[in-house]
Amino acid sequence: MFARKFAPALVFVAFGAGIAHAEVPVRIDQFDHWGAYSYKSGNSVSCYVLSKPVAQQPANVDHGDNFFIVSRLSPGDKLVPEAAMGYDLKDGGQMTAAVGDKTFPMFTKDRHGWVRDETQEPSMVGAMKGSAQLELQATSKRGTATRYSYSLSGITAALKRIETCE
């Protein structure tokens, strides 16, 4: 489970870090709060959508750059939701995503979080398409409880755009 889910994170980390000699992700289009991107590595292309939070708490701490990502490694693959945080998360800590009236427990590793039960990933993506907001709660390595609100305006169009991304 972990090895499969970690690949989208590496794509995003390469994007965020601006790694020399790596091919750079290309923004395909922007849909309200969600951007659609493609990333080519060798002969393979990965596609994903991402957004930044519209609100973050507590206000008095440095959150770094935080993103919520939904990726597809290749056309026809399932969509994988992921949180990419701008700080280290508590080891073994839990992260929780709430979309509408549904809650999705997530596990964390370093600066990333994934849906704990992989079978719930399609349900989470479906809930995101039909809701206005995603609320994410996490705990930093230092023990700070954090909360993020992501607008879901544009996610359906962005996900539709990467259906045929090659």
# chains A, B, ... in the order shown; residues from 1 in each chain; ligands from 1
call {"tool": "residues_around", "arguments": {"residues": "Leu89 in chain A", "least_positions_apart": "4", "cutoff": "7 Å", "atoms": "only C-alpha atoms", "output": "list of chain:residue names"}}
result
A:Thr108, A:Asp110, A:Arg111, A:Thr139, A:Ser140, A:Lys141
call {"tool": "residues_around", "arguments": {"residues": "Leu50 in chain A", "least_positions_apart": "3", "cutoff": "12 Å", "atoms": "only C-alpha atoms", "output": "MDAnalysis selection string"}}
result
chainID A and resid 8:9 12 15 27:38 47 53 66:72 80:84 150:156 158:159 162
call {"tool": "write_last_selection", "arguments": {"atoms": "N, CA and C atoms", "output": "tab-separated table (two decimals), in the first residue's frame"}}
result
chain	number	residue	atom	x	y	z
A	8	PRO	N	2.97	9.49	-6.10
A	8	PRO	CA	2.49	10.85	-6.35
A	8	PRO	C	3.20	11.88	-5.48
A	9	ALA	N	3.53	11.50	-4.26
A	9	ALA	CA	4.22	12.42	-3.37
A	9	ALA	C	5.58	12.80	-3.94
A	12	PHE	N	5.18	15.38	-6.60
A	12	PHE	CA	4.90	16.69	-6.05
A	12	PHE	C	6.12	17.28	-5.37
A	15	PHE	N	8.27	18.77	-7.84
A	15	PHE	CA	7.68	20.02	-8.29
A	15	PHE	C	7.99	21.14	-7.30
A	27	ARG	N	1.39	22.93	-15.66
A	27	ARG	CA	-0.01	23.19	-15.33
A	27	ARG	C	-0.79	23.14	-16.63
A	28	ILE	N	-1.77	22.25	-16.66
A	28	ILE	CA	-2.62	22.08	-17.83
A	28	ILE	C	-3.68	23.16	-17.86
A	29	ASP	N	-4.29	23.40	-16.71
A	29	ASP	CA	-5.37	24.38	-16.64
A	29	ASP	C	-5.67	24.67	-15.17
A	30	GLN	N	-6.37	25.77	-14.93
A	30	GLN	CA	-6.80	26.15	-13.58
A	30	GLN	C	-8.32	26.22	-13.57
A	31	PHE	N	-8.93	25.58	-12.56
A	31	PHE	CA	-10.38	25.56	-12.41
A	31	PHE	C	-10.71	26.08	-11.01
A	32	ASP	N	-11.07	27.34	-10.92
A	32	ASP	CA	-11.32	27.98	-9.62
A	32	ASP	C	-10.15	27.72	-8.69
A	33	HIS	N	-10.36	26.97	-7.59
A	33	HIS	CA	-9.29	26.75	-6.60
A	33	HIS	C	-8.39	25.57	-6.92
A	34	TRP	N	-8.66	24.84	-8.00
A	34	TRP	CA	-7.91	23.61	-8.31
A	34	TRP	C	-7.18	23.71	-9.63
A	35	GLY	N	-5.89	23.39	-9.59
A	35	GLY	CA	-5.08	23.35	-10.80
A	35	GLY	C	-4.92	21.91	-11.25
A	36	ALA	N	-4.89	21.69	-12.56
A	36	ALA	CA	-4.64	20.37	-13.14
A	36	ALA	C	-3.22	20.37	-13.70
A	37	TYR	N	-2.43	19.35	-13.38
A	37	TYR	CA	-1.02	19.28	-13.74
A	37	TYR	C	-0.67	17.93	-14.36
A	38	SER	N	0.37	17.92	-15.17
A	38	SER	CA	0.94	16.67	-15.67
A	38	SER	C	2.44	16.72	-15.39
A	47	CYS	N	-0.59	12.49	-13.66
A	47	CYS	CA	-1.42	13.68	-13.66
A	47	CYS	C	-2.05	13.85	-12.29
A	53	PRO	N	-4.93	25.63	0.86
A	53	PRO	CA	-6.03	25.93	1.78
A	53	PRO	C	-6.47	27.40	1.67
A	66	ASN	N	1.13	24.24	2.16
A	66	ASN	CA	0.31	23.05	2.31
A	66	ASN	C	-0.57	22.90	1.08
A	67	PHE	N	-0.77	21.65	0.66
A	67	PHE	CA	-1.56	21.36	-0.52
A	67	PHE	C	-2.41	20.12	-0.28
A	68	PHE	N	-3.54	20.06	-0.97
A	68	PHE	CA	-4.28	18.80	-1.04
A	68	PHE	C	-4.24	18.40	-2.50
A	69	ILE	N	-3.88	17.13	-2.74
A	69	ILE	CA	-3.62	16.62	-4.08
A	69	ILE	C	-4.51	15.41	-4.34
A	70	VAL	N	-4.99	15.29	-5.55
A	70	VAL	CA	-5.63	14.06	-6.00
A	70	VAL	C	-4.89	13.67	-7.27
A	71	SER	N	-4.24	12.50	-7.25
A	71	SER	CA	-3.38	12.11	-8.37
A	71	SER	C	-3.86	10.85	-9.06
A	72	ARG	N	-3.40	10.72	-10.30
A	72	ARG	CA	-3.64	9.53	-11.13
A	72	ARG	C	-2.30	9.24	-11.80
A	80	VAL	N	-6.01	9.01	-6.26
A	80	VAL	CA	-5.45	8.87	-4.92
A	80	VAL	C	-5.39	10.24	-4.24
A	81	PRO	N	-6.20	10.46	-3.18
A	81	PRO	CA	-6.13	11.72	-2.43
A	81	PRO	C	-4.91	11.72	-1.50
A	82	GLU	N	-4.31	12.89	-1.34
A	82	GLU	CA	-3.11	13.01	-0.50
A	82	GLU	C	-2.99	14.43	0.03
A	83	ALA	N	-2.57	14.55	1.27
A	83	ALA	CA	-2.25	15.86	1.85
A	83	ALA	C	-0.74	16.00	1.86
A	84	ALA	N	-0.23	17.13	1.40
A	84	ALA	CA	1.20	17.42	1.43
A	84	ALA	C	1.37	18.68	2.28
A	150	TYR	N	-10.16	23.73	2.67
A	150	TYR	CA	-9.91	23.79	1.23
A	150	TYR	C	-11.24	23.98	0.52
A	151	SER	N	-11.32	24.95	-0.38
A	151	SER	CA	-12.50	25.10	-1.21
A	151	SER	C	-12.48	23.97	-2.24
A	152	LEU	N	-13.64	23.40	-2.49
A	152	LEU	CA	-13.73	22.35	-3.50
A	152	LEU	C	-14.29	22.88	-4.81
A	153	SER	N	-14.39	24.19	-4.90
A	153	SER	CA	-14.85	24.83	-6.14
A	153	SER	C	-13.83	24.58	-7.25
A	154	GLY	N	-14.26	23.89	-8.29
A	154	GLY	CA	-13.39	23.60	-9.42
A	154	GLY	C	-12.83	22.20	-9.44
A	155	ILE	N	-12.99	21.43	-8.36
A	155	ILE	CA	-12.36	20.11	-8.35
A	155	ILE	C	-12.95	19.16	-9.38
A	156	THR	N	-14.26	19.21	-9.59
A	156	THR	CA	-14.87	18.29	-10.56
A	156	THR	C	-14.32	18.55	-11.96
A	158	ALA	N	-11.47	20.01	-12.73
A	158	ALA	CA	-10.04	19.68	-12.75
A	158	ALA	C	-9.84	18.16	-12.87
A	159	LEU	N	-10.62	17.38	-12.12
A	159	LEU	CA	-10.51	15.92	-12.21
A	159	LEU	C	-10.93	15.42	-13.59
A	162	ILE	N	-8.04	15.76	-16.06
A	162	ILE	CA	-6.92	14.80	-16.02
A	162	ILE	C	-7.34	13.37	-16.38
call {"tool": "select_by_dssp", "arguments": {"residues": "range 21-165 of chain A", "states": "strand (DSSP E)", "output": "ChimeraX atom specification"}}
result
/A:26-31,34-41,44-51,55-57,67-72,80-84,94-99,102-109,112-115,133-139,145-151
call {"tool": "select_by_dssp", "arguments": {"residues": "range 107-152 of chain A", "states": "helix (DSSP H, G or I)", "output": "PyMOL selection string"}}
result
chain A and resi 118-129
call {"tool": "closest_residue", "arguments": {"among": "A:Ala59, A:Gly113, A:Ala157, A:Ser41", "to": "Asp88 in chain A", "atoms": "only C-alpha atoms"}}
result
A:Gly113
call {"tool": "closest_atom_pairs", "arguments": {"of": "range 4-118 of chain A", "to": "range 128-136 of chain A", "cutoff": "9 Å", "atoms": "only C-alpha atoms", "output": "Markdown table"}}
result
| residue | atom | partner | partner_atom | distance |
| --- | --- | --- | --- | --- |
| A:Ala83 | CA | A:Leu136 | CA | 8.6 |
| A:Met95 | CA | A:Leu136 | CA | 7.2 |
| A:Thr96 | CA | A:Leu136 | CA | 5.7 |
| A:Ala97 | CA | A:Leu136 | CA | 4.5 |
| A:Ala98 | CA | A:Glu135 | CA | 5.1 |
| A:Val99 | CA | A:Leu134 | CA | 4.9 |
| A:Gly100 | CA | A:Ser131 | CA | 5.8 |
call {"tool": "residues_around", "arguments": {"residues": "Gly92 in chain A", "least_positions_apart": "2", "cutoff": "8 Å", "atoms": "only C-alpha atoms", "output": "PyMOL selection string"}}
result
chain A and resi 90+94+107-109
call {"tool": "atom_distance", "arguments": {"atom1": "CA of Met106 in chain A", "atom2": "CA of Ser149 in chain A"}}
result
16.0 Å
call {"tool": "closest_residue", "arguments": {"among": "A:Asp77, A:Ser44, A:Thr146, A:Val49", "to": "Gly64 in chain A", "atoms": "only C-alpha atoms"}}
result
A:Thr146
call {"tool": "closest_residue", "arguments": {"among": "A:Ser74, A:Ser46, A:Thr164, A:Gln57", "to": "Arg147 in chain A", "atoms": "only C-alpha atoms"}}
result
A:Gln57
call {"tool": "closest_residue", "arguments": {"among": "A:Gln137, A:Leu79, A:Met85, A:Met124", "to": "Ser51 in chain A", "atoms": "only C-alpha atoms"}}
result
A:Met85
call {"tool": "closest_residue", "arguments": {"among": "A:Ala127, A:Val115, A:Cys165, A:Ala145", "to": "Gln56 in chain A", "atoms": "only C-alpha atoms"}}
result
A:Ala145
